[in-house]
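> Structure incoming, see below.
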Amino acid sequence: GLFVLMHGLDLLGLIDFIGDQIYSIIIKVPPGDSRLAVAILLIIWVSAFASAFIDNIPYTTAMVPVIVSLAESDLGLPLAPLTWALCFGTCFGGNGTLIGASANVVAVGLCEQQGYPISFVRFFKIGFPCMVISVTVATVYMLITHVLIPWY
(Lines give C-alpha, C1' and ligand atoms only; values in the text may rest on other atoms or scores of the structure.)
Protein backbone atom coordinates (compact mmCIF):
# COMPACT_ATOMS: atom_id res chain seq x y z
CA GLY A 1 0.00 0.00 0.00
CA LEU A 2 2.82 2.42 0.84
CA PHE A 3 4.50 1.81 -2.51
CA VAL A 4 1.21 2.58 -4.24
CA LEU A 5 0.99 5.83 -2.26
CA MET A 6 4.55 6.78 -3.22
CA HIS A 7 3.86 5.95 -6.88
CA GLY A 8 0.79 8.18 -6.70
CA LEU A 9 2.86 11.01 -5.24
CA ASP A 10 5.38 10.45 -8.01
CA LEU A 11 2.64 10.66 -10.65
CA LEU A 12 1.40 13.88 -9.05
CA GLY A 13 4.91 15.28 -9.44
CA LEU A 14 5.82 15.61 -5.75
CA ILE A 15 9.04 13.64 -6.07
CA ASP A 16 10.13 15.65 -9.11
CA PHE A 17 9.18 18.83 -7.25
CA ILE A 18 11.42 17.87 -4.31
CA GLY A 19 14.26 17.06 -6.71
CA ASP A 20 13.81 20.34 -8.59
CA GLN A 21 13.80 22.34 -5.36
CA ILE A 22 16.95 20.63 -4.12
CA TYR A 23 18.61 21.22 -7.52
CA SER A 24 17.62 24.90 -7.57
CA ILE A 25 19.17 25.46 -4.15
CA ILE A 26 22.36 23.52 -4.89
CA ILE A 27 22.97 25.25 -8.26
CA LYS A 28 23.15 28.62 -6.46
CA VAL A 29 26.19 27.48 -4.48
CA PRO A 30 29.62 27.87 -6.11
CA PRO A 31 31.14 24.59 -7.35
CA GLY A 32 33.45 22.72 -5.01
CA ASP A 33 33.35 21.56 -1.44
CA SER A 34 30.71 24.08 -0.38
CA ARG A 35 28.32 22.78 -3.08
CA LEU A 36 28.82 19.22 -1.86
CA ALA A 37 28.29 20.31 1.75
CA VAL A 38 25.01 22.03 0.87
CA ALA A 39 23.88 18.98 -1.12
CA ILE A 40 24.63 16.67 1.80
CA LEU A 41 22.85 18.94 4.27
CA LEU A 42 19.77 19.28 2.09
CA ILE A 43 19.46 15.61 1.24
CA ILE A 44 20.04 14.30 4.74
CA TRP A 45 17.66 16.73 6.48
CA VAL A 46 14.90 16.73 3.84
CA SER A 47 15.03 12.93 3.85
CA ALA A 48 14.96 12.78 7.64
CA PHE A 49 11.88 14.97 8.00
CA ALA A 50 10.10 13.31 5.09
CA SER A 51 10.85 9.83 6.44
CA ALA A 52 9.53 10.77 9.84
CA PHE A 53 6.06 11.11 8.33
CA ILE A 54 6.27 8.82 5.28
CA ASP A 55 7.49 5.25 5.65
CA ASN A 56 11.21 5.31 4.89
CA ILE A 57 11.41 2.36 2.49
CA PRO A 58 9.01 3.67 -0.17
CA TYR A 59 10.46 7.17 0.26
CA THR A 60 13.97 5.86 -0.37
CA THR A 61 12.77 3.93 -3.41
CA ALA A 62 11.18 7.08 -4.82
CA MET A 63 14.21 9.28 -4.09
CA VAL A 64 16.90 7.06 -5.64
CA PRO A 65 16.21 8.37 -9.17
CA VAL A 66 16.36 11.93 -7.83
CA ILE A 67 19.77 11.29 -6.23
CA VAL A 68 21.07 9.65 -9.41
CA SER A 69 19.84 12.55 -11.55
CA LEU A 70 21.54 15.05 -9.21
CA ALA A 71 24.81 13.14 -9.55
CA GLU A 72 24.47 12.94 -13.34
CA SER A 73 23.51 16.61 -13.73
CA ASP A 74 25.79 19.57 -14.33
CA LEU A 75 26.23 20.08 -10.57
CA GLY A 76 29.47 18.09 -10.49
CA LEU A 77 28.51 16.10 -7.40
CA PRO A 78 29.73 12.55 -6.74
CA LEU A 79 27.09 9.86 -6.27
CA ALA A 80 28.50 8.18 -3.15
CA PRO A 81 28.04 11.06 -0.64
CA LEU A 82 24.56 11.80 -1.99
CA THR A 83 23.59 8.15 -1.58
CA TRP A 84 24.94 8.01 1.96
CA ALA A 85 23.11 11.23 2.84
CA LEU A 86 19.87 9.69 1.59
CA CYS A 87 20.55 6.49 3.54
CA PHE A 88 21.32 8.25 6.82
CA GLY A 89 18.46 10.72 6.46
CA THR A 90 15.81 8.12 5.71
CA CYS A 91 17.07 5.58 8.24
CA PHE A 92 17.32 7.96 11.18
CA GLY A 93 14.31 9.99 10.06
CA GLY A 94 12.14 6.91 10.37
CA ASN A 95 12.82 6.92 14.11
CA GLY A 96 11.10 10.29 14.54
CA THR A 97 7.50 9.13 14.56
CA LEU A 98 5.51 5.98 15.06
CA ILE A 99 4.65 5.78 11.35
CA GLY A 100 8.16 6.58 10.09
CA ALA A 101 9.34 2.98 9.97
CA SER A 102 7.68 -0.42 9.82
CA ALA A 103 9.66 -1.59 12.84
CA ASN A 104 8.12 1.19 14.92
CA VAL A 105 4.61 0.02 14.05
CA VAL A 106 5.50 -3.59 14.88
CA ALA A 107 7.13 -2.63 18.19
CA VAL A 108 4.16 -0.51 19.26
CA GLY A 109 1.81 -3.35 18.30
CA LEU A 110 3.79 -5.77 20.45
CA CYS A 111 3.75 -3.30 23.35
CA GLU A 112 -0.02 -2.97 23.08
CA GLN A 113 -0.42 -6.76 23.10
CA GLN A 114 1.48 -6.85 26.38
CA GLY A 115 -0.66 -4.10 27.91
CA TYR A 116 1.66 -1.14 27.35
CA PRO A 117 -0.06 1.14 24.82
CA ILE A 118 2.07 3.84 23.18
CA SER A 119 0.30 6.74 21.50
CA PHE A 120 1.61 8.66 18.50
CA VAL A 121 2.31 11.69 20.70
CA ARG A 122 4.14 9.66 23.35
CA PHE A 123 6.32 8.05 20.68
CA PHE A 124 6.92 11.45 19.06
CA LYS A 125 8.08 13.05 22.33
CA ILE A 126 10.91 10.52 22.61
CA GLY A 127 11.49 9.53 18.98
CA PHE A 128 11.71 12.98 17.41
CA PRO A 129 14.48 14.34 19.68
CA CYS A 130 16.37 11.07 19.19
CA MET A 131 15.96 11.50 15.43
CA VAL A 132 17.29 15.07 15.52
CA ILE A 133 20.32 14.04 17.58
CA SER A 134 21.15 11.03 15.39
CA VAL A 135 20.72 13.01 12.15
CA THR A 136 22.95 15.76 13.58
CA VAL A 137 25.66 13.21 14.38
CA ALA A 138 25.32 11.68 10.90
CA THR A 139 25.53 15.16 9.33
CA VAL A 140 28.77 15.93 11.16
CA TYR A 141 30.14 12.54 10.12
CA MET A 142 29.17 13.14 6.48
CA LEU A 143 30.71 16.61 6.39
CA ILE A 144 33.96 15.35 7.90
CA THR A 145 34.30 12.23 5.75
CA HIS A 146 33.08 13.67 2.45
CA VAL A 147 33.89 17.37 2.53
CA LEU A 148 36.81 17.93 4.92
CA ILE A 149 38.54 14.60 4.28
CA PRO A 150 37.04 13.19 1.08
CA TRP A 151 37.65 9.45 0.70
CA TYR A 152 35.47 8.64 -2.32
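Identifiers in this document derive from the order of the C-alpha coordinates: chains are assigned A, B, ..., residues are numbered from 1 separately in each chain, and ligands are numbered from 1 in order of occurrence.
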Per DSSP on the backbone, filter chain A down to the residues in helix (DSSP H, G or I) and report them as a ChimeraX atom specification.
/A:2-12,14-26,33-53,56-72,79-93,102-113,120-148
> Could you make a table, as a Markdown table, of the residues of segment 54-141 of chain A that have an atom within 9 Å of an atom of segment 24-32 of chain A, each with its nearest atom pair and distance in Å to one decimal, counting only C-alpha atoms, in chain and number order?

| residue | atom | partner | partner_atom | distance |
| --- | --- | --- | --- | --- |
| A:Asp74 | CA | A:Ile27 | CA | 8.8 |
| A:Leu75 | CA | A:Ile27 | CA | 6.5 |
| A:Gly76 | CA | A:Pro31 | CA | 7.4 |
| A:Leu77 | CA | A:Gly32 | CA | 8.6 |
> Taking only residues of segment 107-151 of chain A that have an atom at most 12 Å from an atom of segment 38-44 of chain A, what is each one's shortest atom pair and its distance in Å to one decimal, using only C-alpha atoms, in chain and number order, as a Markdown table?

| residue | atom | partner | partner_atom | distance |
| --- | --- | --- | --- | --- |
| A:Met131 | CA | A:Ile44 | CA | 11.8 |
| A:Val132 | CA | A:Ile44 | CA | 11.1 |
| A:Ser134 | CA | A:Ile44 | CA | 11.2 |
| A:Val135 | CA | A:Ile44 | CA | 7.6 |
| A:Thr136 | CA | A:Ile44 | CA | 9.4 |
| A:Val137 | CA | A:Ile44 | CA | 11.2 |
| A:Ala138 | CA | A:Ile44 | CA | 8.5 |
| A:Thr139 | CA | A:Leu41 | CA | 6.9 |
| A:Val140 | CA | A:Leu41 | CA | 9.6 |
| A:Tyr141 | CA | A:Ile40 | CA | 10.8 |
| A:Met142 | CA | A:Ile40 | CA | 7.4 |
| A:Leu143 | CA | A:Ile40 | CA | 7.6 |
| A:Ile144 | CA | A:Ile40 | CA | 11.2 |
| A:Thr145 | CA | A:Ile40 | CA | 11.3 |
| A:His146 | CA | A:Ile40 | CA | 9.0 |
| A:Val147 | CA | A:Ile40 | CA | 9.3 |
> Could you produce a table of the residues of segment 3-115 of chain A lying within 7 Å of segment 120-125 of chain A, with the nearest pair of atoms per residue and their separation in Å rounded to one decimal, using only C-alpha atoms, ordered by chain and increasing residue number, as CSV?

residue,atom,partner,partner_atom,distance
A:Gly96,CA,A:Phe124,CA,6.3
A:Thr97,CA,A:Phe124,CA,5.1
A:Leu98,CA,A:Phe120,CA,5.8
> Store the residues picked out above, limited to N, CA, C and O atoms, as a CSV table (one decimal), in the first residue's frame.

chain,number,residue,atom,x,y,z
A,96,GLY,N,11.7,9.1,14.0
A,96,GLY,CA,11.1,10.3,14.5
A,96,GLY,C,9.7,10.1,15.0
A,96,GLY,O,9.2,10.8,15.9
A,97,THR,N,8.9,9.3,14.2
A,97,THR,CA,7.5,9.1,14.6
A,97,THR,C,7.1,7.6,14.5
A,97,THR,O,7.9,6.8,14.0
A,98,LEU,N,6.0,7.4,15.0
A,98,LEU,CA,5.5,6.0,15.1
A,98,LEU,C,5.3,5.4,13.7
A,98,LEU,O,5.6,4.2,13.4
> Counting only C-alpha atoms, what is within 12 Å of Pro58 of chain A, bar same-chain residues fewer than 4 positions away, as a PyMOL selection string?
chain A and resi 1-10+15+47+50-51+53-54+62-64+90-91+94+100-102
> Counting only C-alpha atoms, which residue out of A:Leu12, A:Ile22, A:Ala107, A:Ile118 sits closest to Val46 of chain A?
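Distance minimum relative to Val46 of chain A lands on A:Ile22.
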> May I have the residues within 12 Å of Leu79 of chain A as JSON, numbers by chain, using only C-alpha atoms and disregarding those fewer than 4 positions away in the same chain?
{"A": [36, 39, 40, 64, 65, 66, 67, 68, 69, 70, 71, 72, 73, 75, 83, 84, 85, 86, 146, 152]}
> Please produce a file of the residues just selected, as a short mmCIF file (atom, residue, chain, number, x, y, z; two decimals), in the first residue's frame, where the atoms kept are all heavy atoms.

data_model
loop_
_atom_site.label_atom_id
_atom_site.label_comp_id
_atom_site.auth_asym_id
_atom_site.auth_seq_id
_atom_site.Cartn_x
_atom_site.Cartn_y
_atom_site.Cartn_z
N LEU A 36 29.04 20.57 -2.38
CA LEU A 36 28.82 19.22 -1.86
C LEU A 36 28.27 19.27 -0.45
O LEU A 36 27.37 18.50 -0.10
CB LEU A 36 30.13 18.41 -1.90
CG LEU A 36 30.04 16.99 -1.36
CD1 LEU A 36 29.02 16.16 -2.14
CD2 LEU A 36 31.42 16.33 -1.43
N ALA A 39 24.63 20.13 -0.61
CA ALA A 39 23.88 18.98 -1.12
C ALA A 39 23.68 17.93 -0.03
O ALA A 39 22.57 17.40 0.15
CB ALA A 39 24.59 18.37 -2.33
N ILE A 40 24.73 17.64 0.71
CA ILE A 40 24.63 16.67 1.80
C ILE A 40 23.64 17.14 2.85
O ILE A 40 22.78 16.38 3.30
CB ILE A 40 26.03 16.40 2.42
CG1 ILE A 40 26.88 15.59 1.45
CG2 ILE A 40 25.91 15.70 3.77
CD1 ILE A 40 28.33 15.46 1.85
N VAL A 64 15.68 7.54 -4.97
CA VAL A 64 16.90 7.06 -5.64
C VAL A 64 17.06 7.67 -7.03
O VAL A 64 18.15 8.16 -7.36
CB VAL A 64 16.94 5.51 -5.67
CG1 VAL A 64 17.99 5.01 -6.64
CG2 VAL A 64 17.20 4.97 -4.27
N PRO A 65 16.02 7.71 -7.86
CA PRO A 65 16.21 8.37 -9.17
C PRO A 65 16.55 9.85 -9.06
O PRO A 65 17.30 10.37 -9.89
CB PRO A 65 14.86 8.17 -9.87
CG PRO A 65 14.19 7.06 -9.16
CD PRO A 65 14.70 7.08 -7.76
N VAL A 66 16.04 10.52 -8.04
CA VAL A 66 16.36 11.93 -7.83
C VAL A 66 17.84 12.09 -7.50
O VAL A 66 18.53 12.95 -8.06
CB VAL A 66 15.48 12.53 -6.70
CG1 VAL A 66 15.93 13.94 -6.35
CG2 VAL A 66 14.02 12.51 -7.09
N ILE A 67 18.35 11.24 -6.62
CA ILE A 67 19.77 11.29 -6.23
C ILE A 67 20.65 11.00 -7.44
O ILE A 67 21.66 11.68 -7.67
CB ILE A 67 20.04 10.30 -5.08
CG1 ILE A 67 19.24 10.68 -3.84
CG2 ILE A 67 21.52 10.22 -4.76
CD1 ILE A 67 19.49 12.06 -3.30
N VAL A 68 20.29 10.00 -8.21
CA VAL A 68 21.07 9.65 -9.41
C VAL A 68 21.05 10.80 -10.41
O VAL A 68 22.10 11.16 -10.97
CB VAL A 68 20.54 8.34 -10.05
CG1 VAL A 68 21.19 8.09 -11.40
CG2 VAL A 68 20.79 7.16 -9.11
N SER A 69 19.90 11.44 -10.60
CA SER A 69 19.84 12.55 -11.55
C SER A 69 20.65 13.75 -11.05
O SER A 69 21.25 14.46 -11.86
CB SER A 69 18.40 12.96 -11.82
OG SER A 69 17.81 13.54 -10.69
N LEU A 70 20.69 13.98 -9.74
CA LEU A 70 21.54 15.05 -9.21
C LEU A 70 23.01 14.77 -9.48
O LEU A 70 23.78 15.66 -9.84
CB LEU A 70 21.31 15.23 -7.71
CG LEU A 70 20.00 15.87 -7.26
CD1 LEU A 70 19.87 15.82 -5.75
CD2 LEU A 70 19.91 17.31 -7.75
N ALA A 71 23.41 13.50 -9.31
CA ALA A 71 24.81 13.14 -9.55
C ALA A 71 25.17 13.21 -11.03
O ALA A 71 26.31 13.52 -11.38
CB ALA A 71 25.09 11.74 -9.01
N GLU A 72 24.21 12.92 -11.90
CA GLU A 72 24.47 12.94 -13.34
C GLU A 72 24.27 14.32 -13.97
O GLU A 72 24.55 14.50 -15.15
CB GLU A 72 23.58 11.91 -14.04
CG GLU A 72 23.93 10.49 -13.69
CD GLU A 72 22.98 9.47 -14.29
OE1 GLU A 72 21.90 9.86 -14.81
OE2 GLU A 72 23.31 8.27 -14.24
N SER A 73 23.79 15.28 -13.19
CA SER A 73 23.51 16.61 -13.73
C SER A 73 24.80 17.42 -13.84
O SER A 73 25.90 16.92 -13.57
CB SER A 73 22.51 17.33 -12.83
OG SER A 73 23.13 17.68 -11.60
N LEU A 75 25.82 19.60 -11.88
CA LEU A 75 26.23 20.08 -10.57
C LEU A 75 27.64 19.65 -10.20
O LEU A 75 28.28 20.26 -9.35
CB LEU A 75 25.25 19.61 -9.49
CG LEU A 75 23.84 20.18 -9.56
CD1 LEU A 75 22.94 19.48 -8.55
CD2 LEU A 75 23.87 21.67 -9.32
N THR A 83 24.26 9.40 -1.96
CA THR A 83 23.59 8.15 -1.58
C THR A 83 23.65 7.93 -0.08
O THR A 83 22.66 7.56 0.54
CB THR A 83 24.24 6.96 -2.32
OG1 THR A 83 24.20 7.22 -3.72
CG2 THR A 83 23.53 5.67 -2.02
N TRP A 84 24.81 8.17 0.51
CA TRP A 84 24.94 8.01 1.96
C TRP A 84 24.07 9.01 2.71
O TRP A 84 23.47 8.68 3.74
CB TRP A 84 26.40 8.13 2.40
CG TRP A 84 27.15 6.87 2.20
CD1 TRP A 84 28.12 6.63 1.27
CD2 TRP A 84 26.98 5.65 2.93
NE1 TRP A 84 28.56 5.33 1.38
CE2 TRP A 84 27.89 4.71 2.38
CE3 TRP A 84 26.16 5.25 3.97
CZ2 TRP A 84 27.98 3.41 2.86
CZ3 TRP A 84 26.25 3.95 4.45
CH2 TRP A 84 27.17 3.05 3.89
N ALA A 85 23.97 10.23 2.20
CA ALA A 85 23.11 11.23 2.84
C ALA A 85 21.66 10.77 2.82
O ALA A 85 20.93 10.91 3.81
CB ALA A 85 23.27 12.59 2.16
N LEU A 86 21.24 10.22 1.69
CA LEU A 86 19.87 9.69 1.59
C LEU A 86 19.68 8.53 2.57
O LEU A 86 18.66 8.47 3.27
CB LEU A 86 19.58 9.23 0.16
CG LEU A 86 18.21 8.59 -0.08
CD1 LEU A 86 17.10 9.61 0.13
CD2 LEU A 86 18.15 7.99 -1.48
N HIS A 146 33.28 13.43 3.87
CA HIS A 146 33.08 13.67 2.45
C HIS A 146 33.45 15.07 1.99
O HIS A 146 33.63 15.30 0.80
CB HIS A 146 31.63 13.37 2.05
CG HIS A 146 31.30 11.93 2.11
ND1 HIS A 146 31.69 11.02 1.16
CD2 HIS A 146 30.61 11.21 3.04
CE1 HIS A 146 31.26 9.82 1.49
NE2 HIS A 146 30.62 9.90 2.62
N TYR A 152 36.13 9.33 -1.20
CA TYR A 152 35.47 8.64 -2.32
C TYR A 152 36.32 8.69 -3.56
O TYR A 152 37.22 9.45 -3.78
CB TYR A 152 34.09 9.22 -2.58
CG TYR A 152 34.06 10.70 -2.73
CD1 TYR A 152 34.23 11.29 -3.96
CD2 TYR A 152 33.88 11.52 -1.62
CE1 TYR A 152 34.22 12.66 -4.09
CE2 TYR A 152 33.87 12.89 -1.77
CZ TYR A 152 34.05 13.46 -2.99
OH TYR A 152 34.05 14.82 -3.12
#
